[in-house]
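S.K.: This is the structure, below, for whatever I ask next.
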Amino acid sequence: MSNFFGTELPIIQAPMAGVQDYRLAAAVSNAGGLGSFPCAMLGPDALRAELETLKAATGRPFNLNFFAHTPPVENETREQNWRRALEPFYQEFGINSDSISSGPGRMPFNLESAAIVEEFRPAVVSFHFGLPEPSLLERVRGTGAKVLSTATTVEEAIWLEQHGVDAIIAQGLEAGGHRGIFLSTDMTTQMGTFALLPQVVAKVKISVIAAGGIADARGVKAALDLGAVAAQVGTAFLLCREATTRPVHREALKSPNARHTAVTNVFSGGPARGIVNRVVRELGPISREAPPFPLATGAVAPLRAAAEAAGSGDFSPLWCGQNASGCHEGSAAELLERLAP
């Protein structure tokens with residue numbers, strides 16, 4: 001790991017949009033891991049402000065993560081059908097569905113993103129949902145950054161190697177948050193981390209990082225023993241004091257409910273693993289009415305806000321992997337010590 005990323009530990013903090021700011025990334029990098037910052041939910045001005053603070057907070061390598069999805073064409077009929085499916089919940093909270101605007105929620109890597117990478121020159125740039133178009137990817141390469149992307153199948157890993165990434169993140173089905181699936185929409189192709197990892201290692205010549213269900217030093221060691229150069233850990237960081245995880249999410253992670261997760265599309269339209277709550281049970285886990293990623297986000301947002309104001313996580317995306325046993329309520333540095341193989 002130290003030869004590849006310039007860090008002391010073979011541990012990457014997973015970029016987790018919505019539950020972190022620069023503080024978690026800086027804390028992990030300062031403690032010897034590779035801190036990651038999720039960029040897809042921030043506009044250019046907000047992103048620059050965060051990155052200026054991040055760069056001032058650590059002189060060590062960090063990773064900037066972007067989404068590389070192709071935005072779907074908006075379809076008003078489909079949006080209306082989705083709001084109609086949510087209408088009983090709107091009525092329950094006294095929300096006028098006519099006032100709800102649809103929005104992308106998450107932006108793919110674009111010209112402005114490339115300019116920001118050139119400005120801040122991070123050591124690592126990672127992508128979810130494939131890769132951006134070649135001209136944009138070349139601009140990233142021009143900064144000297146290592147380029148990573150997520151593969152959820154052997155076929156995706158081979159594709160990423162053919163398209164010139166420096167390392168592949170093999171994301172097992174256990175992982176919390178959004179699946180990085182991009183060559184197919186067939187969820188039956190998805191496999192567990194320790195089934196996927198050795199198959200990817202056997203098929204590609206570049207470095208492979210393991211992600212999904214890794215929550216302690218034994219898991220990190222197992223990943224390294226199976227050929228990974230590092231382990232990417234997300235869920236275990238959600239309770240760290242540097243994370244911005246909301247109170248309802250923190251309580252769910254500390255409860256027995258965290259042992260019941262599902263891959264659902266009801267929050268964004270894309271498959272993502274989180275703790276099963278009311279909206280997942282009643283509309284999903286997979287809803288045919290949900291518009292494609294990321295267009296489902298806007299219609300659910302007011303329900304989330306209303307429920308959280310009442311202290312409920314019934315409509316919140318409670319992202320969590322299948323192994324929340326490593327969640328740590330202290331500092332990120334303390335967690336890294338626990339994870340070190």
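How things are named: the first chain in the structure tokens is A, the next is B, and so on; residues count from 1 in each chain; ligands count from 1 in the order shown.
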Determine, counting only C-alpha atoms, which protein, DNA and RNA residues have an atom within 7 Å of an atom of Ala17 in chain A; residues of the same chain fewer than 2 positions away are not included. Present the result as an mmCIF file with N, CA and C atoms, in the first residue's frame.
M.R.:
```cif
data_model
loop_
_atom_site.group_PDB
_atom_site.id
_atom_site.type_symbol
_atom_site.label_atom_id
_atom_site.label_comp_id
_atom_site.auth_asym_id
_atom_site.auth_seq_id
_atom_site.Cartn_x
_atom_site.Cartn_y
_atom_site.Cartn_z
ATOM 1 N N PRO A 15 -15.442 6.673 0.332
ATOM 2 C CA PRO A 15 -16.129 7.968 0.210
ATOM 3 C C PRO A 15 -17.623 7.770 0.420
ATOM 4 N N VAL A 19 -22.807 11.635 4.588
ATOM 5 C CA VAL A 19 -22.490 11.322 5.984
ATOM 6 C C VAL A 19 -21.077 11.780 6.370
ATOM 7 N N GLN A 20 -20.455 12.590 5.512
ATOM 8 C CA GLN A 20 -19.127 13.080 5.868
ATOM 9 C C GLN A 20 -18.846 14.395 5.169
ATOM 10 N N PRO A 38 -16.204 12.499 -0.909
ATOM 11 C CA PRO A 38 -17.203 12.329 -1.956
ATOM 12 C C PRO A 38 -17.589 13.670 -2.562
ATOM 13 N N MET A 41 -22.222 15.172 -4.775
ATOM 14 C CA MET A 41 -23.418 15.877 -4.319
ATOM 15 C C MET A 41 -23.184 17.365 -4.099
#
```
S.K.: DSSP on the backbone: what in range 157-281 of chain A comes out alpha helix (DSSP H), as a ChimeraX atom specification?
M.R.: /A:157-162,193-203,217-225,247-254,278-281
S.K.: Measuring between only C-alpha atoms, which one of A:Leu64, A:Ile11, A:Cys320, A:Leu283 shows the shortest distance to Phe120 in chain A?
M.R.: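 Of A:Leu64, A:Ile11, A:Cys320, A:Leu283, the one nearest Phe120 in chain A is A:Leu64, counting only C-alpha atoms.
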S.K.: Return the single residue from A:Ala25, A:Ala68, A:Ala85, A:Ala14 that is closest to Phe293 in chain A, with distances computed using only C-alpha atoms.
M.R.: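 Closest to Phe293 in chain A of all the choices is A:Ala68.
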S.K.: Between A:Asp98, A:Glu251, A:Asp166, A:Glu112, which is the closest to Phe127 in chain A once you count only C-alpha atoms?
M.R.: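 Comparing A:Asp98, A:Glu251, A:Asp166, A:Glu112 against Phe127 in chain A, the winner is A:Asp166.
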S.K.: Would you please give, as a VMD selection string, all residues of range 53-263 of chain A that DSSP assigns to strand (DSSP E or B) based on the backbone?
M.R.: chain A and resid 62 to 67 108 124 to 128 146 to 151 167 to 171 177 to 178 207 to 211 230 to 233 261 to 263
S.K.: With distances taken over only C-alpha atoms, which of A:Ala114, A:Val248, A:Ile100, A:Ala309 is nearest to Leu136 in chain A?
M.R.: A:Ala114
S.K.: Show me, as a list in words, the residues that have an atom within 9 Å of range 254-262 of chain A when counting only C-alpha atoms, minus same-chain residues fewer than 6 positions from it.
M.R.: Gly176, Leu239, Ala272, Arg273, Gly274, Ile275, Val276, Asn277, Val280, Pro285, Trp319, Cys320, Gly321, Gln322, Asn323, Ala324, Ser325 and Cys327 of chain A
S.K.: Considering only C-alpha atoms, return as a VMD selection string whatever protein or nucleic-acid residues lie within 10 Å of Gly213 in chain A, sequence-local ones (same chain, fewer than 3 positions apart) excluded.
M.R.: chain A and resid 171 to 176 192 to 194 210 216 219 to 220 232 to 236 320 to 326
S.K.: To one decimal in Å, tell me the separation between CA of Ala211 in chain A and CA of His128 in chain A.
M.R.: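 Between these atoms lies a distance of 12.8 Å.
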S.K.: When you look at Arg139 in chain A with a cut-off of 9 Å (counting only C-alpha atoms), what residues show up, excluding the ones that are within fewer than 3 positions of it in the same chain? I need them as JSON, numbers by chain.
M.R.: {"A": [114, 115, 117, 118, 134, 135, 136, 142, 143]}
S.K.: Please provide the set of residues having any atom within 12 Å of Glu87 in chain A, restricted to only C-alpha atoms, with same-chain residues fewer than 2 positions apart removed, written as a ChimeraX atom specification.
M.R.: /A:80-85,89-98,100,283,299-300,302-303
S.K.: Can you write just those residues out, N, CA, C and O atoms, as a short mmCIF file (atom, residue, chain, number, x, y, z; two decimals), in the first residue's frame?
M.R.:
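part39.cif was written with the following content:
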```cif
data_model
loop_
_atom_site.label_atom_id
_atom_site.label_comp_id
_atom_site.auth_asym_id
_atom_site.auth_seq_id
_atom_site.Cartn_x
_atom_site.Cartn_y
_atom_site.Cartn_z
N GLN A 80 -44.38 11.45 -12.39
CA GLN A 80 -45.71 11.51 -11.79
C GLN A 80 -46.09 10.17 -11.17
O GLN A 80 -46.69 10.13 -10.09
N ASN A 81 -45.75 9.09 -11.84
CA ASN A 81 -46.04 7.76 -11.29
C ASN A 81 -45.30 7.54 -9.97
O ASN A 81 -45.85 6.93 -9.03
N TRP A 82 -44.08 8.05 -9.90
CA TRP A 82 -43.30 7.90 -8.67
C TRP A 82 -43.91 8.72 -7.54
O TRP A 82 -44.07 8.23 -6.42
N ARG A 83 -44.30 9.94 -7.85
CA ARG A 83 -44.94 10.77 -6.81
C ARG A 83 -46.29 10.17 -6.40
O ARG A 83 -46.67 10.25 -5.23
N ARG A 84 -46.98 9.55 -7.35
CA ARG A 84 -48.25 8.90 -7.02
C ARG A 84 -48.03 7.73 -6.05
O ARG A 84 -48.81 7.53 -5.12
N ALA A 85 -46.96 6.99 -6.24
CA ALA A 85 -46.63 5.89 -5.33
C ALA A 85 -46.33 6.40 -3.92
O ALA A 85 -46.61 5.72 -2.92
N PHE A 89 -47.85 8.75 1.68
CA PHE A 89 -46.90 9.28 2.66
C PHE A 89 -46.95 10.80 2.69
O PHE A 89 -46.88 11.41 3.76
N TYR A 90 -47.08 11.43 1.51
CA TYR A 90 -47.21 12.88 1.47
C TYR A 90 -48.43 13.33 2.27
O TYR A 90 -48.37 14.30 3.05
N GLN A 91 -49.52 12.63 2.10
CA GLN A 91 -50.75 12.99 2.83
C GLN A 91 -50.56 12.84 4.33
O GLN A 91 -51.03 13.67 5.11
N GLU A 92 -49.87 11.81 4.72
CA GLU A 92 -49.61 11.56 6.15
C GLU A 92 -48.85 12.72 6.79
O GLU A 92 -49.11 13.08 7.94
N PHE A 93 -47.93 13.32 6.03
CA PHE A 93 -47.11 14.41 6.57
C PHE A 93 -47.61 15.78 6.15
O PHE A 93 -46.98 16.79 6.45
N GLY A 94 -48.75 15.83 5.45
CA GLY A 94 -49.29 17.11 5.03
C GLY A 94 -48.46 17.81 3.98
O GLY A 94 -48.38 19.05 3.96
N ILE A 95 -47.85 17.03 3.08
CA ILE A 95 -47.00 17.58 2.03
C ILE A 95 -47.78 17.65 0.72
O ILE A 95 -48.42 16.67 0.32
N ASN A 96 -47.73 18.78 0.07
CA ASN A 96 -48.38 18.95 -1.23
C ASN A 96 -47.44 18.44 -2.32
O ASN A 96 -46.41 19.04 -2.60
N SER A 97 -47.81 17.33 -2.95
CA SER A 97 -46.91 16.72 -3.93
C SER A 97 -46.71 17.59 -5.15
O SER A 97 -45.70 17.46 -5.86
N ASP A 98 -47.62 18.51 -5.43
CA ASP A 98 -47.48 19.40 -6.58
C ASP A 98 -46.32 20.38 -6.40
O ASP A 98 -45.83 20.95 -7.38
N ILE A 100 -43.39 19.61 -5.22
CA ILE A 100 -42.12 18.90 -5.20
C ILE A 100 -41.47 18.96 -6.57
O ILE A 100 -42.08 18.63 -7.58
N LEU A 283 -42.43 0.05 0.06
CA LEU A 283 -42.32 0.34 -1.38
C LEU A 283 -41.31 -0.52 -2.11
O LEU A 283 -41.28 -0.52 -3.34
N ALA A 299 -38.15 13.36 -5.00
CA ALA A 299 -39.50 13.10 -4.49
C ALA A 299 -39.48 12.55 -3.07
O ALA A 299 -40.45 12.72 -2.31
N VAL A 300 -38.41 11.88 -2.69
CA VAL A 300 -38.32 11.30 -1.34
C VAL A 300 -37.79 12.31 -0.33
O VAL A 300 -38.10 12.22 0.86
N PRO A 302 -38.51 15.45 0.70
CA PRO A 302 -39.37 16.10 1.69
C PRO A 302 -39.92 15.14 2.74
O PRO A 302 -40.15 15.53 3.88
N LEU A 303 -40.10 13.89 2.37
CA LEU A 303 -40.54 12.89 3.35
C LEU A 303 -39.43 12.63 4.37
O LEU A 303 -39.71 12.53 5.57
#
```
S.K.: Grab the CA of Pro122 in chain A to CA of Leu137 in chain A distance for me, in Å with one decimal place.
M.R.: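 These atoms are spaced 14.1 Å apart.
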S.K.: With only C-alpha atoms as the atoms that count, which of A:Glu155, A:Glu329, A:Leu111, A:Arg121 lies nearest to Glu242 in chain A?
M.R.: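 Residue with the minimum atom-to-atom distance to Glu242 in chain A: A:Glu329.
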S.K.: Residues at most 7 Å from range 221-231 of chain A, counting only C-alpha atoms, excluding those fewer than 6 positions away in the same chain, as a PyMOL selection string?
M.R.: chain A and resi 1+10-12+198+201+207-211+341
S.K.: Please write the residues from the selection above to a file, keeping N, CA and C atoms, as a PDB file, in the first residue's frame.
M.R.:
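File again-v8.pdb, as written:
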```pdb
ATOM      1  N   MET A   1       0.839  -1.216   0.000  1.00  0.00           N
ATOM      2  CA  MET A   1       0.000   0.000   0.000  1.00  0.00           C
ATOM      3  C   MET A   1       0.861   1.249   0.000  1.00  0.00           C
ATOM      4  N   PRO A  10      -2.674  -0.132   4.762  1.00  0.00           N
ATOM      5  CA  PRO A  10      -3.381  -0.604   3.566  1.00  0.00           C
ATOM      6  C   PRO A  10      -4.894  -0.476   3.710  1.00  0.00           C
ATOM      7  N   ILE A  11      -5.325   0.710   4.119  1.00  0.00           N
ATOM      8  CA  ILE A  11      -6.744   0.929   4.405  1.00  0.00           C
ATOM      9  C   ILE A  11      -7.201   2.229   3.743  1.00  0.00           C
ATOM     10  N   ILE A  12      -8.288   2.134   2.996  1.00  0.00           N
ATOM     11  CA  ILE A  12      -8.921   3.295   2.380  1.00  0.00           C
ATOM     12  C   ILE A  12     -10.254   3.518   3.068  1.00  0.00           C
ATOM     13  N   PRO A 198     -10.875 -12.813  -5.281  1.00  0.00           N
ATOM     14  CA  PRO A 198      -9.856 -13.668  -5.903  1.00  0.00           C
ATOM     15  C   PRO A 198     -10.072 -13.871  -7.393  1.00  0.00           C
ATOM     16  N   VAL A 201      -8.642 -10.710  -8.999  1.00  0.00           N
ATOM     17  CA  VAL A 201      -7.179 -10.757  -8.910  1.00  0.00           C
ATOM     18  C   VAL A 201      -6.597 -11.700  -9.964  1.00  0.00           C
ATOM     19  N   SER A 207      -3.458  -3.607  -9.735  1.00  0.00           N
ATOM     20  CA  SER A 207      -3.763  -3.770  -8.310  1.00  0.00           C
ATOM     21  C   SER A 207      -5.266  -3.787  -8.062  1.00  0.00           C
ATOM     22  N   VAL A 208      -5.657  -4.546  -7.045  1.00  0.00           N
ATOM     23  CA  VAL A 208      -7.070  -4.690  -6.686  1.00  0.00           C
ATOM     24  C   VAL A 208      -7.248  -4.347  -5.214  1.00  0.00           C
ATOM     25  N   ILE A 209      -8.311  -3.607  -4.923  1.00  0.00           N
ATOM     26  CA  ILE A 209      -8.683  -3.202  -3.569  1.00  0.00           C
ATOM     27  C   ILE A 209      -9.992  -3.895  -3.214  1.00  0.00           C
ATOM     28  N   ALA A 210     -10.101  -4.431  -2.024  1.00  0.00           N
ATOM     29  CA  ALA A 210     -11.308  -5.143  -1.605  1.00  0.00           C
ATOM     30  C   ALA A 210     -12.237  -4.209  -0.857  1.00  0.00           C
ATOM     31  N   ALA A 211     -13.542  -4.304  -1.148  1.00  0.00           N
ATOM     32  CA  ALA A 211     -14.537  -3.478  -0.455  1.00  0.00           C
ATOM     33  C   ALA A 211     -15.797  -4.289  -0.222  1.00  0.00           C
ATOM     34  N   PRO A 341      -3.832  -4.428   9.997  1.00  0.00           N
ATOM     35  CA  PRO A 341      -3.576  -5.877  10.034  1.00  0.00           C
ATOM     36  C   PRO A 341      -2.261  -6.199  10.729  1.00  0.00           C
TER      37      PRO A 341
END
```
S.K.: Return the single residue from A:Ala333, A:Leu339, A:Ile181, A:Ala56 that is closest to Ser29 in chain A, with distances computed using only C-alpha atoms.
M.R.: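 The closest residue to Ser29 in chain A is A:Ala333.
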S.K.: State, in Å with one decimal place, the distance from CA of Ser312 in chain A to CA of Val266 in chain A.
M.R.: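 The value is 17.1 Å.
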